[in-house]
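Data from target.cif: mmCIF, C-alpha atoms
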```cif
data_entry
#
loop_
_atom_site.label_atom_id
_atom_site.label_comp_id
_atom_site.auth_asym_id
_atom_site.auth_seq_id
_atom_site.Cartn_x
_atom_site.Cartn_y
_atom_site.Cartn_z
CA MET T 639 41.45 88.25 -140.00
CA SER T 640 38.80 85.84 -138.64
CA ALA T 641 37.01 86.39 -135.34
CA LEU T 642 38.80 83.38 -133.83
CA SER T 643 42.19 84.68 -134.90
CA SER T 644 41.38 88.05 -133.36
CA LEU T 645 40.28 86.39 -130.12
CA ARG T 646 43.36 84.22 -130.11
CA ARG T 647 45.47 87.38 -130.16
CA LEU T 648 43.28 89.54 -127.91
CA ALA T 649 42.70 87.08 -125.05
CA PRO T 650 46.41 86.74 -124.15
CA LEU T 651 46.80 90.53 -124.25
CA LEU T 652 43.88 91.00 -121.86
CA ALA T 653 45.28 88.23 -119.66
CA VAL T 654 48.57 90.14 -119.46
CA VAL T 655 46.64 93.28 -118.48
CA SER T 656 45.10 91.32 -115.59
CA LEU T 657 48.54 89.99 -114.69
CA ALA T 658 50.06 93.47 -114.66
CA ALA T 659 47.20 94.84 -112.57
CA GLY T 660 47.41 91.89 -110.18
CA ILE T 661 51.15 92.34 -109.74
CA GLY T 662 50.64 96.06 -109.22
CA GLY T 663 48.04 95.34 -106.55
CA GLY T 664 50.38 92.92 -104.83
CA LEU T 665 53.21 95.45 -104.80
CA ALA T 666 50.87 98.08 -103.38
CA ARG T 667 49.98 95.68 -100.57
CA LEU T 668 53.69 95.44 -99.79
CA GLY T 669 54.01 99.23 -99.79
CA VAL T 670 56.29 99.23 -102.82
CA SER T 671 54.23 101.24 -105.30
CA PRO T 672 50.76 102.74 -105.67
CA ALA T 673 48.02 100.94 -107.57
CA PRO T 674 44.28 101.35 -108.19
CA THR T 675 42.19 100.30 -105.21
CA ILE T 676 40.40 97.66 -107.28
CA ALA T 677 43.73 96.01 -108.13
CA ILE T 678 44.79 96.01 -104.48
CA SER T 679 41.57 94.49 -103.16
CA HIS T 680 41.28 91.97 -106.02
CA HIS T 681 44.94 91.00 -106.36
CA ALA T 682 44.25 87.27 -106.01
CA VAL T 683 41.34 86.98 -108.45
CA LEU T 684 43.21 88.99 -111.08
CA MET T 685 46.15 86.58 -110.87
CA VAL T 686 44.17 83.33 -110.60
CA ALA T 687 41.17 83.98 -112.82
CA GLY T 688 42.10 87.01 -114.89
CA PHE T 689 45.51 85.74 -115.95
CA LEU T 690 45.86 82.01 -115.28
CA GLY T 691 42.21 81.16 -115.89
CA THR T 692 42.36 82.89 -119.26
CA VAL T 693 45.56 81.27 -120.49
CA ILE T 694 44.54 77.80 -119.25
CA SER T 695 41.17 78.19 -121.00
CA LEU T 696 42.87 79.36 -124.19
CA GLU T 697 45.24 76.39 -124.16
CA ARG T 698 42.29 74.03 -123.64
CA ALA T 699 40.38 75.67 -126.50
CA ILE T 700 43.34 75.15 -128.83
CA ALA T 701 43.55 71.51 -127.77
CA TRP T 702 39.85 70.97 -128.49
CA GLY T 703 39.99 72.77 -131.83
CA ARG T 704 36.36 73.89 -131.85
CA ALA T 705 35.12 77.47 -132.00
CA ALA T 706 32.89 76.89 -128.97
CA GLY T 707 35.96 76.26 -126.83
CA TYR T 708 37.00 79.91 -127.13
CA ALA T 709 33.96 81.04 -125.13
CA ALA T 710 35.88 80.30 -121.91
CA PRO T 711 38.99 82.44 -122.56
CA ALA T 712 36.81 85.18 -124.08
CA SER T 713 34.61 85.31 -120.97
CA SER T 714 37.57 85.19 -118.59
CA ALA T 715 39.50 87.88 -120.44
CA ALA T 716 36.41 90.09 -120.55
CA ALA T 717 35.86 89.57 -116.82
CA GLY T 718 39.32 90.90 -116.00
CA THR T 719 38.65 94.01 -118.07
CA MET T 720 35.26 94.49 -116.39
CA LEU T 721 36.78 94.20 -112.94
CA LEU T 722 39.41 96.83 -113.67
CA ALA T 723 36.63 99.08 -114.97
CA GLY T 724 34.90 98.73 -111.60
CA TRP T 725 32.13 96.37 -112.72
CA THR T 726 32.79 93.81 -110.00
CA ALA T 727 29.43 92.02 -110.12
CA ALA T 728 29.55 91.62 -113.89
CA ALA T 729 33.17 90.40 -113.67
CA SER T 730 32.24 87.75 -111.11
CA ALA T 731 29.37 86.58 -113.31
CA PHE T 732 31.58 86.37 -116.38
CA TRP T 733 34.21 84.37 -114.49
CA ILE T 734 31.53 81.89 -113.48
CA VAL T 735 30.50 81.67 -117.13
CA ALA T 736 34.15 81.17 -118.13
CA ALA T 737 34.54 78.33 -115.62
CA CYS T 738 31.34 76.71 -116.90
CA PHE T 739 32.59 76.86 -120.49
CA LEU T 740 35.99 75.51 -119.46
CA LEU T 741 34.25 72.61 -117.73
CA LEU T 742 32.18 71.89 -120.87
CA THR T 743 35.31 72.03 -123.05
CA SER T 744 37.13 69.71 -120.66
CA VAL T 745 34.22 67.24 -120.66
CA ALA T 746 34.31 67.26 -124.46
CA LEU T 747 38.01 66.37 -124.32
CA VAL T 748 37.22 63.54 -121.90
CA ARG T 749 34.73 62.14 -124.41
CA ARG T 750 37.35 62.40 -127.13
CA GLN T 751 40.13 60.88 -125.00
CA PRO T 752 38.74 59.12 -121.89
CA MET T 753 41.88 58.90 -119.77
CA ILE T 754 42.68 59.81 -116.19
CA HIS T 755 44.53 63.00 -117.06
CA THR T 756 41.61 64.39 -119.10
CA VAL T 757 39.19 63.45 -116.31
CA LEU T 758 41.39 65.33 -113.83
CA LEU T 759 41.46 68.38 -116.09
CA ALA T 760 37.66 68.37 -116.04
CA ILE T 761 37.63 68.05 -112.24
CA ALA T 762 40.10 70.93 -112.03
CA ALA T 763 37.72 73.07 -114.10
CA ALA T 764 34.92 72.13 -111.69
CA LEU T 765 37.09 73.31 -108.79
CA TRP T 766 37.55 76.66 -110.53
CA LEU T 767 33.78 76.90 -110.95
CA ALA T 768 33.29 76.14 -107.25
CA GLY T 769 35.87 78.71 -106.24
CA GLN T 770 34.50 81.46 -108.48
CA SER T 771 30.93 80.76 -107.36
CA ALA T 772 31.93 80.97 -103.68
CA PHE T 773 33.95 84.13 -104.35
CA ALA T 774 30.98 85.76 -106.09
CA ALA T 775 28.79 84.85 -103.11
CA GLY T 776 31.23 86.58 -100.76
CA ALA T 777 32.48 83.41 -99.07
CA SER T 778 35.96 83.20 -97.66
CA SER T 779 36.29 79.59 -96.51
CA GLY T 780 37.20 77.21 -99.28
CA VAL T 781 37.97 79.79 -101.97
CA PRO T 782 41.79 79.68 -101.67
CA GLU T 783 41.76 75.86 -101.64
CA ALA T 784 39.43 75.77 -104.67
CA TRP T 785 41.54 78.25 -106.64
CA PHE T 786 44.83 76.56 -105.83
CA GLY T 787 43.21 73.16 -106.32
CA PHE T 788 42.24 74.23 -109.83
CA LEU T 789 45.77 75.32 -110.67
CA VAL T 790 47.64 72.47 -108.96
CA LEU T 791 45.36 69.74 -110.32
CA THR T 792 45.59 71.19 -113.84
CA ILE T 793 49.37 71.09 -113.70
CA ALA T 794 49.43 67.61 -112.12
CA ALA T 795 47.10 66.24 -114.81
CA GLU T 796 49.22 67.64 -117.61
CA ARG T 797 52.38 66.23 -116.03
CA LEU T 798 50.65 62.86 -115.56
CA GLU T 799 49.94 62.77 -119.28
CA LEU T 800 53.65 62.88 -120.00
CA THR T 801 54.42 59.90 -117.74
CA ARG T 802 53.10 57.81 -120.64
CA LEU T 803 56.46 58.48 -122.26
CA LEU T 804 58.15 56.48 -119.47
CA PRO T 805 58.09 52.72 -118.86
CA PRO T 806 55.04 51.76 -116.73
CA ARG T 807 55.76 51.98 -113.00
CA ARG T 808 53.31 50.21 -110.72
CA LEU T 809 54.17 52.32 -107.68
CA ALA T 810 53.53 55.55 -109.60
CA ALA T 811 50.05 54.45 -110.64
CA ALA T 812 49.22 53.10 -107.19
CA THR T 813 50.17 56.28 -105.35
CA PHE T 814 48.92 58.99 -107.70
CA ARG T 815 45.18 58.36 -107.35
CA PRO T 816 45.05 58.47 -103.53
CA VAL T 817 46.98 61.74 -103.49
CA VAL T 818 44.73 63.51 -106.00
CA ALA T 819 41.64 62.02 -104.33
CA LEU T 820 42.79 63.59 -101.05
CA LEU T 821 43.36 66.92 -102.82
CA ILE T 822 39.86 66.94 -104.33
CA ALA T 823 38.24 65.85 -101.06
CA ALA T 824 40.20 68.51 -99.16
CA VAL T 825 38.83 71.27 -101.39
CA GLY T 826 35.29 70.05 -100.78
CA ALA T 827 35.88 69.77 -97.03
CA SER T 828 37.33 73.27 -96.82
CA PHE T 829 33.91 74.76 -97.60
CA VAL T 830 32.21 73.05 -94.65
CA ASP T 831 35.05 72.41 -92.18
CA PRO T 832 37.87 74.89 -92.84
CA LEU T 833 40.33 73.40 -90.33
CA SER T 834 40.03 69.80 -91.51
CA GLY T 835 39.95 70.90 -95.12
CA ALA T 836 43.10 73.01 -94.75
CA LEU T 837 45.00 70.23 -92.97
CA ALA T 838 44.02 67.73 -95.65
CA PHE T 839 44.82 70.21 -98.42
CA GLY T 840 48.31 70.88 -97.12
CA SER T 841 48.94 67.16 -96.74
CA ALA T 842 47.76 66.53 -100.29
CA LEU T 843 50.09 69.23 -101.64
CA ILE T 844 53.06 67.61 -99.89
CA GLY T 845 52.07 64.19 -101.20
CA LEU T 846 51.66 65.49 -104.75
CA ALA T 847 55.01 67.30 -104.58
CA VAL T 848 56.73 64.07 -103.52
CA TRP T 849 54.97 62.14 -106.31
CA LEU T 850 55.95 64.67 -108.97
CA GLY T 851 59.51 64.81 -107.70
CA CYS T 852 59.80 61.02 -107.85
CA PHE T 853 57.92 60.13 -111.03
CA ASP T 854 57.77 63.14 -113.35
CA VAL T 855 59.57 62.86 -116.67
CA ALA T 856 61.49 66.02 -115.72
CA ARG T 857 63.82 63.82 -113.67
CA ARG T 858 65.11 62.46 -116.97
CA THR T 859 64.92 65.55 -119.16
CA VAL T 860 66.92 67.57 -116.64
CA HIS T 861 69.95 65.72 -118.06
CA ALA T 862 69.16 66.97 -121.57
CA SER T 863 70.09 70.38 -122.95
CA GLY T 864 68.45 73.54 -124.20
CA LEU T 865 64.75 74.10 -123.60
CA ALA T 866 64.16 70.57 -122.26
CA ARG T 867 66.66 71.12 -119.45
CA PHE T 868 65.34 74.61 -118.70
CA THR T 869 61.77 73.33 -118.40
CA ALA T 870 62.84 70.40 -116.23
CA LEU T 871 64.75 72.64 -113.82
CA ALA T 872 61.78 75.00 -113.54
CA LEU T 873 59.51 72.06 -112.79
CA LEU T 874 61.75 70.41 -110.21
CA ALA T 875 62.27 73.70 -108.37
CA GLY T 876 58.52 74.21 -108.43
CA TYR T 877 57.90 70.80 -106.87
CA ALA T 878 60.15 71.71 -103.95
CA TRP T 879 58.19 74.91 -103.37
CA LEU T 880 54.91 72.97 -103.58
CA ALA T 881 56.04 70.81 -100.66
CA VAL T 882 57.06 73.91 -98.71
CA GLY T 883 53.69 75.51 -99.46
CA GLY T 884 51.86 72.40 -98.28
CA ALA T 885 53.76 72.40 -94.98
CA ALA T 886 53.09 76.12 -94.51
CA TRP T 887 49.39 75.56 -95.29
CA ILE T 888 49.23 73.06 -92.44
CA ALA T 889 51.07 75.44 -90.11
CA LEU T 890 48.69 78.26 -91.02
CA ALA T 891 45.69 76.04 -90.30
CA LEU T 892 47.14 75.23 -86.88
CA GLY T 893 47.36 78.89 -85.98
CA ALA T 894 50.76 80.04 -87.23
CA SER T 895 49.54 83.26 -88.85
CA ALA T 896 53.12 84.16 -89.82
CA ALA T 897 53.04 81.27 -92.30
CA ARG T 898 50.35 82.92 -94.45
CA ASP T 899 52.65 84.69 -96.91
CA LEU T 900 54.80 81.58 -97.23
CA ALA T 901 51.79 79.31 -97.76
CA LEU T 902 50.27 81.49 -100.47
CA HIS T 903 53.37 82.51 -102.37
CA ALA T 904 55.36 79.29 -102.15
CA ILE T 905 52.48 77.79 -104.15
CA ALA T 906 51.57 80.79 -106.33
CA LEU T 907 55.08 81.98 -107.19
CA GLY T 908 57.33 79.05 -106.34
CA PHE T 909 55.16 76.37 -107.92
CA VAL T 910 52.59 77.85 -110.30
CA PHE T 911 54.71 80.62 -111.81
CA SER T 912 57.71 78.35 -112.04
CA MET T 913 55.48 76.08 -114.15
CA VAL T 914 54.46 79.12 -116.21
CA LEU T 915 58.09 80.06 -116.87
CA GLY T 916 58.97 76.46 -117.69
CA HIS T 917 56.13 75.91 -120.16
CA ALA T 918 55.73 79.39 -121.66
CA PRO T 919 58.52 78.92 -124.27
CA ILE T 920 56.45 75.99 -125.58
CA VAL T 921 52.89 77.24 -125.13
CA VAL T 922 53.32 80.86 -126.24
CA PRO T 923 54.73 80.00 -129.69
CA ALA T 924 51.85 77.54 -130.14
CA ILE T 925 49.30 80.26 -129.39
CA ALA T 926 51.14 82.87 -131.46
CA ARG T 927 51.75 80.44 -134.35
CA ALA T 928 55.44 81.27 -134.27
CA GLN T 929 58.74 79.61 -133.62
CA LEU T 930 61.04 80.45 -130.76
CA ARG T 931 64.70 79.60 -130.48
CA PHE T 932 65.68 78.88 -126.90
CA ASN T 933 67.96 81.47 -125.31
CA ALA T 934 69.95 80.55 -122.20
CA GLY T 935 69.28 84.07 -120.94
CA LEU T 936 65.86 82.80 -119.85
CA TYR T 937 67.62 81.23 -116.88
CA LEU T 938 68.19 84.71 -115.42
CA PRO T 939 64.54 85.49 -114.62
CA LEU T 940 64.01 81.90 -113.46
CA VAL T 941 66.88 82.18 -110.97
CA LEU T 942 65.66 85.65 -109.96
CA LEU T 943 62.15 84.33 -109.33
CA HIS T 944 63.30 81.58 -106.99
CA GLY T 945 66.04 83.64 -105.37
CA SER T 946 63.71 86.55 -104.64
CA LEU T 947 61.07 84.18 -103.28
CA LEU T 948 63.66 82.66 -100.96
CA LEU T 949 64.57 86.18 -99.84
CA ARG T 950 60.88 86.95 -99.29
CA VAL T 951 60.21 83.97 -97.02
CA THR T 952 63.44 84.34 -95.01
CA LEU T 953 64.51 87.94 -94.42
CA GLY T 954 61.14 89.19 -95.61
CA ALA T 955 59.37 87.25 -92.88
CA ARG T 956 61.13 89.43 -90.29
CA SER T 957 61.32 92.77 -92.05
CA PRO T 958 58.64 94.64 -94.07
CA GLU T 959 61.40 96.42 -95.99
CA TRP T 960 63.00 93.16 -97.10
CA ARG T 961 59.59 91.72 -97.91
CA GLY T 962 58.80 94.69 -100.12
CA ALA T 963 62.18 94.49 -101.85
CA ALA T 964 61.73 90.78 -102.44
CA GLY T 965 58.23 91.37 -103.80
CA ALA T 966 59.61 93.92 -106.24
CA LEU T 967 62.18 91.37 -107.39
CA ASN T 968 59.39 88.78 -107.80
CA ALA T 969 57.65 91.20 -110.13
CA LEU T 970 60.88 92.03 -111.97
CA ALA T 971 61.51 88.34 -112.61
CA ILE T 972 58.09 87.88 -114.22
CA ALA T 973 58.37 91.08 -116.25
CA ALA T 974 61.91 90.26 -117.41
CA PHE T 975 60.88 86.78 -118.49
CA ALA T 976 57.89 88.11 -120.42
CA GLY T 977 60.03 90.72 -122.15
CA MET T 978 62.73 88.22 -123.13
CA LEU T 979 60.14 85.76 -124.42
CA LEU T 980 58.35 88.37 -126.52
CA ARG T 981 61.65 89.64 -127.88
CA ALA T 982 62.58 86.13 -128.97
CA LEU T 983 59.22 85.74 -130.69
CA GLU T 984 59.59 89.09 -132.45
CA ARG T 985 63.00 88.10 -133.82
CA ARG T 986 61.60 84.91 -135.28
CA THR T 987 58.42 86.41 -136.72
CA ALA T 988 60.37 89.33 -138.15
CA ALA T 989 62.34 86.81 -140.15
CA GLY T 990 59.09 85.49 -141.56
CA ILE T 991 59.47 82.06 -140.02
CA MET T 992 55.99 80.85 -139.09
CA MET T 993 54.49 77.46 -138.46
CA ASP T 994 51.26 75.79 -137.43
CA PRO T 995 50.88 75.41 -133.67
CA PRO T 996 52.46 72.19 -132.43
CA ASP T 997 50.84 69.67 -130.14
CA ILE T 998 51.38 71.52 -126.87
CA ALA T 999 51.26 68.45 -124.65
CA SER T 1000 53.65 66.39 -126.71
CA SER T 1001 56.12 69.26 -126.85
CA ARG T 1002 56.52 69.56 -123.09
CA SER T 1003 59.47 68.01 -121.32
#
```

Would you write out, as structure tokens, the structure that this file holds?
Amino acid sequence: MSALSSLRRLAPLLAVVSLAAGIGGGLARLGVSPAPTIAISHHAVLMVAGFLGTVISLERAIAWGRAAGYAAPASSAAAGTMLLAGWTAAASAFWIVAACFLLLTSVALVRRQPMIHTVLLAIAAALWLAGQSAFAAGASSGVPEAWFGFLVLTIAAERLELTRLLPPRRLAAATFRPVVALLIAAVGASFVDPLSGALAFGSALIGLAVWLGCFDVARRTVHASGLARFTALALLAGYAWLAVGGAAWIALALGASAARDLALHAIALGFVFSMVLGHAPIVVPAIARAQLRFNAGLYLPLVLLHGSLLLRVTLGARSPEWRGAAGALNALAIAAFAGMLLRALERRTAAGIMMDPPDIASSRS
């Protein structure tokens, strides 16, 4: 087995370790279960950088097709392991290295395909670099906006790419650039003027949610069947939560401290992880070089994710017990989805049915 093949298999496993530790830390914060202190105090960075940063970097490396591209997921996966071992300074350094390599890979893809969506992917990588650098320096202002900006802009850029499948719409093109420009400017402003930056960031999230809800190809594929419909429903539900998260972000900036959990988790769980669930049945087989037959049972963890999040931000906002129960159901939804997805992959690979990885972008609905 080549070194690249080994890395291609190892990086996702280490990303899942970071995910599991991050979820465990989050549950411990809710008083649901014990977890190592390092996982509790570094819940956010394990989720954003250790898990999502690794899988995004791996997907970008596959898209580039060069060995150098795998430096980013290797560094990010190693950083998560270092953090859990207690080597916090080394982990922070490796995540900065990972973000630098992701930025270089993204710039290479811009040179190969100079289009707005590839440019935005490179800017998103730069936001991750800014966030990880500020985090390593011990800053607090601007880090959440930079991390979420990285994730939201990455998703928006990939969805923008698929609008090429639709007839050109002048209003879509005219409104997209101002919204993403506001998002990028808001992240920058949040480092120097937290209040103005947060207000602009929340506004940009609402604007982007409206744009995606109006112009994304998911509005058409939701009328299809099978995996295309599943992905579209996950996306459309995620766009609704993105708007809610943007509104809560504004409320939090204006002093409504009770909106903090809603602001963070409407975006992280309602939007980002809904995107993960929607795209994983396409991306994971591409990484694993396997086929996966869609199973309607995947709707169960998707419904559980959104239902438990709704429970968390309603009853959970008034009761720590309900909030803890909802958090446990959030975790169960993610774990159940991962288990069902892996089981589907195992059934296909056990039958000896393998294939080359498809074009990830062109496969998405």

For this session: Considering all atoms listed in the file, state which residue in the set T:Ala838, T:Cys852, T:Met913, T:Ala866 is at the smallest distance from Ala819 (chain T).
Result: T:Ala838

For this session: Give as a PyMOL selection string the residues that the PyMOL selection byres ((chain T and resi 779-789) around 8) matches when applied to the coordinates above.
Result: chain T and resi 686+762-766+768-770+772-773+777-778+790-793+821-822+824-830+832+836+839+905-906+910

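Closest approach to Arg749 (chain T) among T:Thr813, T:Trp702, T:Leu979, T:Leu907 is made by T:Trp702 (distances from only C-alpha atoms).
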
Problem set entry | Selection dump of the PyMOL selection byres ((chain T and resi 698) around 9), as JSON, numbers by chain | {"T": [693, 694, 695, 696, 697, 699, 700, 701, 702, 703, 707, 708, 740, 743, 744, 747]}

Exercise. For the file shown, what are the residues hit by the PyMOL selection byres ((chain T and resi 847-849) around 7), laid out as a PyMOL selection string?
Worked result: chain T and resi 814+843-846+850-853+877-878+880-881

Written selection (C-alpha atoms) as a short mmCIF file (atom, residue, chain, number, x, y, z; two decimals), keeping the file's coordinate frame:
```
data_model
loop_
_atom_site.label_atom_id
_atom_site.label_comp_id
_atom_site.auth_asym_id
_atom_site.auth_seq_id
_atom_site.Cartn_x
_atom_site.Cartn_y
_atom_site.Cartn_z
CA PHE T 814 48.92 58.99 -107.70
CA LEU T 843 50.09 69.23 -101.64
CA ILE T 844 53.06 67.61 -99.89
CA GLY T 845 52.07 64.19 -101.20
CA LEU T 846 51.66 65.49 -104.75
CA LEU T 850 55.95 64.67 -108.97
CA GLY T 851 59.51 64.81 -107.70
CA CYS T 852 59.80 61.02 -107.85
CA PHE T 853 57.92 60.13 -111.03
CA TYR T 877 57.90 70.80 -106.87
CA ALA T 878 60.15 71.71 -103.95
CA LEU T 880 54.91 72.97 -103.58
CA ALA T 881 56.04 70.81 -100.66
#
```

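Restricting the calculation to all atoms listed in the file, the smallest distance between Gly908 (chain T) and any of T:Leu947, T:Val670, T:Leu871, T:Leu890 is found for T:Leu947.
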
Identify the residues around (58.5, 90.7, -109.4) within a radius of 10 Å, measuring from only C-alpha atoms in the coordinates stated by the file, and give them as a PDB file with C-alpha atoms, keeping the file's coordinate frame.
```pdb
ATOM      1  CA  ILE T 661      51.150  92.340-109.740  1.00  0.00           C
ATOM      2  CA  GLY T 662      50.640  96.060-109.220  1.00  0.00           C
ATOM      3  CA  GLY T 664      50.380  92.920-104.830  1.00  0.00           C
ATOM      4  CA  LEU T 665      53.210  95.450-104.800  1.00  0.00           C
ATOM      5  CA  LEU T 907      55.080  81.980-107.190  1.00  0.00           C
ATOM      6  CA  PRO T 939      64.540  85.490-114.620  1.00  0.00           C
ATOM      7  CA  LEU T 942      65.660  85.650-109.960  1.00  0.00           C
ATOM      8  CA  LEU T 943      62.150  84.330-109.330  1.00  0.00           C
ATOM      9  CA  SER T 946      63.710  86.550-104.640  1.00  0.00           C
ATOM     10  CA  LEU T 947      61.070  84.180-103.280  1.00  0.00           C
ATOM     11  CA  ALA T 963      62.180  94.490-101.850  1.00  0.00           C
ATOM     12  CA  ALA T 964      61.730  90.780-102.440  1.00  0.00           C
ATOM     13  CA  GLY T 965      58.230  91.370-103.800  1.00  0.00           C
ATOM     14  CA  ALA T 966      59.610  93.920-106.240  1.00  0.00           C
ATOM     15  CA  LEU T 967      62.180  91.370-107.390  1.00  0.00           C
ATOM     16  CA  ASN T 968      59.390  88.780-107.800  1.00  0.00           C
ATOM     17  CA  ALA T 969      57.650  91.200-110.130  1.00  0.00           C
ATOM     18  CA  LEU T 970      60.880  92.030-111.970  1.00  0.00           C
ATOM     19  CA  ALA T 971      61.510  88.340-112.610  1.00  0.00           C
ATOM     20  CA  ILE T 972      58.090  87.880-114.220  1.00  0.00           C
ATOM     21  CA  ALA T 973      58.370  91.080-116.250  1.00  0.00           C
ATOM     22  CA  ALA T 974      61.910  90.260-117.410  1.00  0.00           C
TER      23      ALA T 974
END
```

For this session: Might you pull out every residue within 8 Å of region 651-655 of chain T, with all atoms listed in the file counted and same-chain residues fewer than 6 positions away left off, and present them as a ChimeraX atom specification?
Result: /T:688-690,692-693,715-716,718-719

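If you measure from each of T:Ser679, T:Gly840, T:Arg797, T:Trp887 to Ala856 (chain T) using only C-alpha atoms, the closest one turns out to be T:Arg797.
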
For this session: Compile the contact shell of Trp960 (chain T) as a VMD selection string: residues with an atom at most 9 Å away, counting all atoms listed in the file, same-chain residues fewer than 5 positions apart removed.
Result: chain T and resid 949 to 950 953 to 955 965

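You will find CA of Leu837 (chain T) at 17.4 Å from CA of Trp879 (chain T).
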
Exercise. Residues at most 6 Å from His681 (chain T), counting only C-alpha atoms, excluding those fewer than 3 positions away in the same chain, as number ranges by chain?
Worked result: T: 660, 663-664, 677-678, 684

Store the residues picked out above in a file with C-alpha atoms, as a compact mmCIF listing (two decimals), in the coordinates of the input.
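File produced: out-v6.txt:
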```txt
# COMPACT_ATOMS: atom_id res chain seq x y z
CA GLY T 660 47.41 91.89 -110.18
CA GLY T 663 48.04 95.34 -106.55
CA GLY T 664 50.38 92.92 -104.83
CA ALA T 677 43.73 96.01 -108.13
CA ILE T 678 44.79 96.01 -104.48
CA LEU T 684 43.21 88.99 -111.08
```

For this session: Using only C-alpha atoms, find the one residue out of T:Leu758, T:Ile888, T:Ala870, T:Ile920 that sits nearest to Leu940 (chain T).
Result: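 Checking each candidate against Leu940 (chain T), we get T:Ala870 as the closest.
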
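Relative to CA of Ala717 (chain T), CA of Trp733 (chain T) is found at 5.9 Å.
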
For this session: Figure out the distance between CA of Ala760 (chain T) and CA of Ala823 (chain T), please, to one decimal in Å.
Result: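 Separating CA of Ala823 (chain T) from CA of Ala760 (chain T) is a distance of 15.2 Å.
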
Would you compute the box with edges along x, y and z of the file around region 911-928 of chain T, including every atom the file lists for it and 4 Å extra on each side, and give its centre and edge lengths in Å to one decimal, as JSON?
```
{"center_x": 54.1, "center_y": 79.4, "center_z": -123.1, "size_x": 17.7, "size_y": 15.0, "size_z": 30.5}
```

Can you patch up region 960-975 of chain T, filling it in to N, CA and C atoms, and show the result as a compact mmCIF listing (two decimals), keeping the file's coordinate frame?
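Below is the file that was written, selection33.txt:
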```txt
# COMPACT_ATOMS: atom_id res chain seq x y z
N TRP T 960 62.49 94.26 -96.30
CA TRP T 960 63.00 93.16 -97.10
C TRP T 960 61.88 92.46 -97.86
N ARG T 961 60.72 92.35 -97.23
CA ARG T 961 59.59 91.72 -97.91
C ARG T 961 59.16 92.53 -99.13
N GLY T 962 59.14 93.85 -98.99
CA GLY T 962 58.80 94.69 -100.12
C GLY T 962 59.83 94.60 -101.23
N ALA T 963 61.12 94.60 -100.85
CA ALA T 963 62.18 94.49 -101.85
C ALA T 963 62.10 93.16 -102.58
N ALA T 964 61.85 92.10 -101.82
CA ALA T 964 61.73 90.78 -102.44
C ALA T 964 60.52 90.72 -103.36
N GLY T 965 59.41 91.34 -102.95
CA GLY T 965 58.23 91.37 -103.80
C GLY T 965 58.50 92.11 -105.10
N ALA T 966 59.25 93.19 -105.02
CA ALA T 966 59.61 93.92 -106.24
C ALA T 966 60.47 93.06 -107.17
N LEU T 967 61.36 92.27 -106.58
CA LEU T 967 62.18 91.37 -107.39
C LEU T 967 61.35 90.23 -107.98
N ASN T 968 60.34 89.76 -107.23
CA ASN T 968 59.39 88.78 -107.80
C ASN T 968 58.78 89.33 -109.08
N ALA T 969 58.29 90.56 -108.99
CA ALA T 969 57.65 91.20 -110.13
C ALA T 969 58.63 91.41 -111.28
N LEU T 970 59.85 91.82 -110.94
CA LEU T 970 60.88 92.03 -111.97
C LEU T 970 61.18 90.73 -112.70
N ALA T 971 61.22 89.62 -111.97
CA ALA T 971 61.51 88.34 -112.61
C ALA T 971 60.45 87.99 -113.64
N ILE T 972 59.18 88.19 -113.29
CA ILE T 972 58.09 87.88 -114.22
C ILE T 972 58.13 88.81 -115.42
N ALA T 973 58.34 90.11 -115.16
CA ALA T 973 58.37 91.08 -116.25
C ALA T 973 59.56 90.83 -117.18
N ALA T 974 60.72 90.51 -116.60
CA ALA T 974 61.91 90.26 -117.41
C ALA T 974 61.72 89.03 -118.28
N PHE T 975 61.12 88.00 -117.70
CA PHE T 975 60.88 86.78 -118.49
C PHE T 975 59.93 87.08 -119.65
```
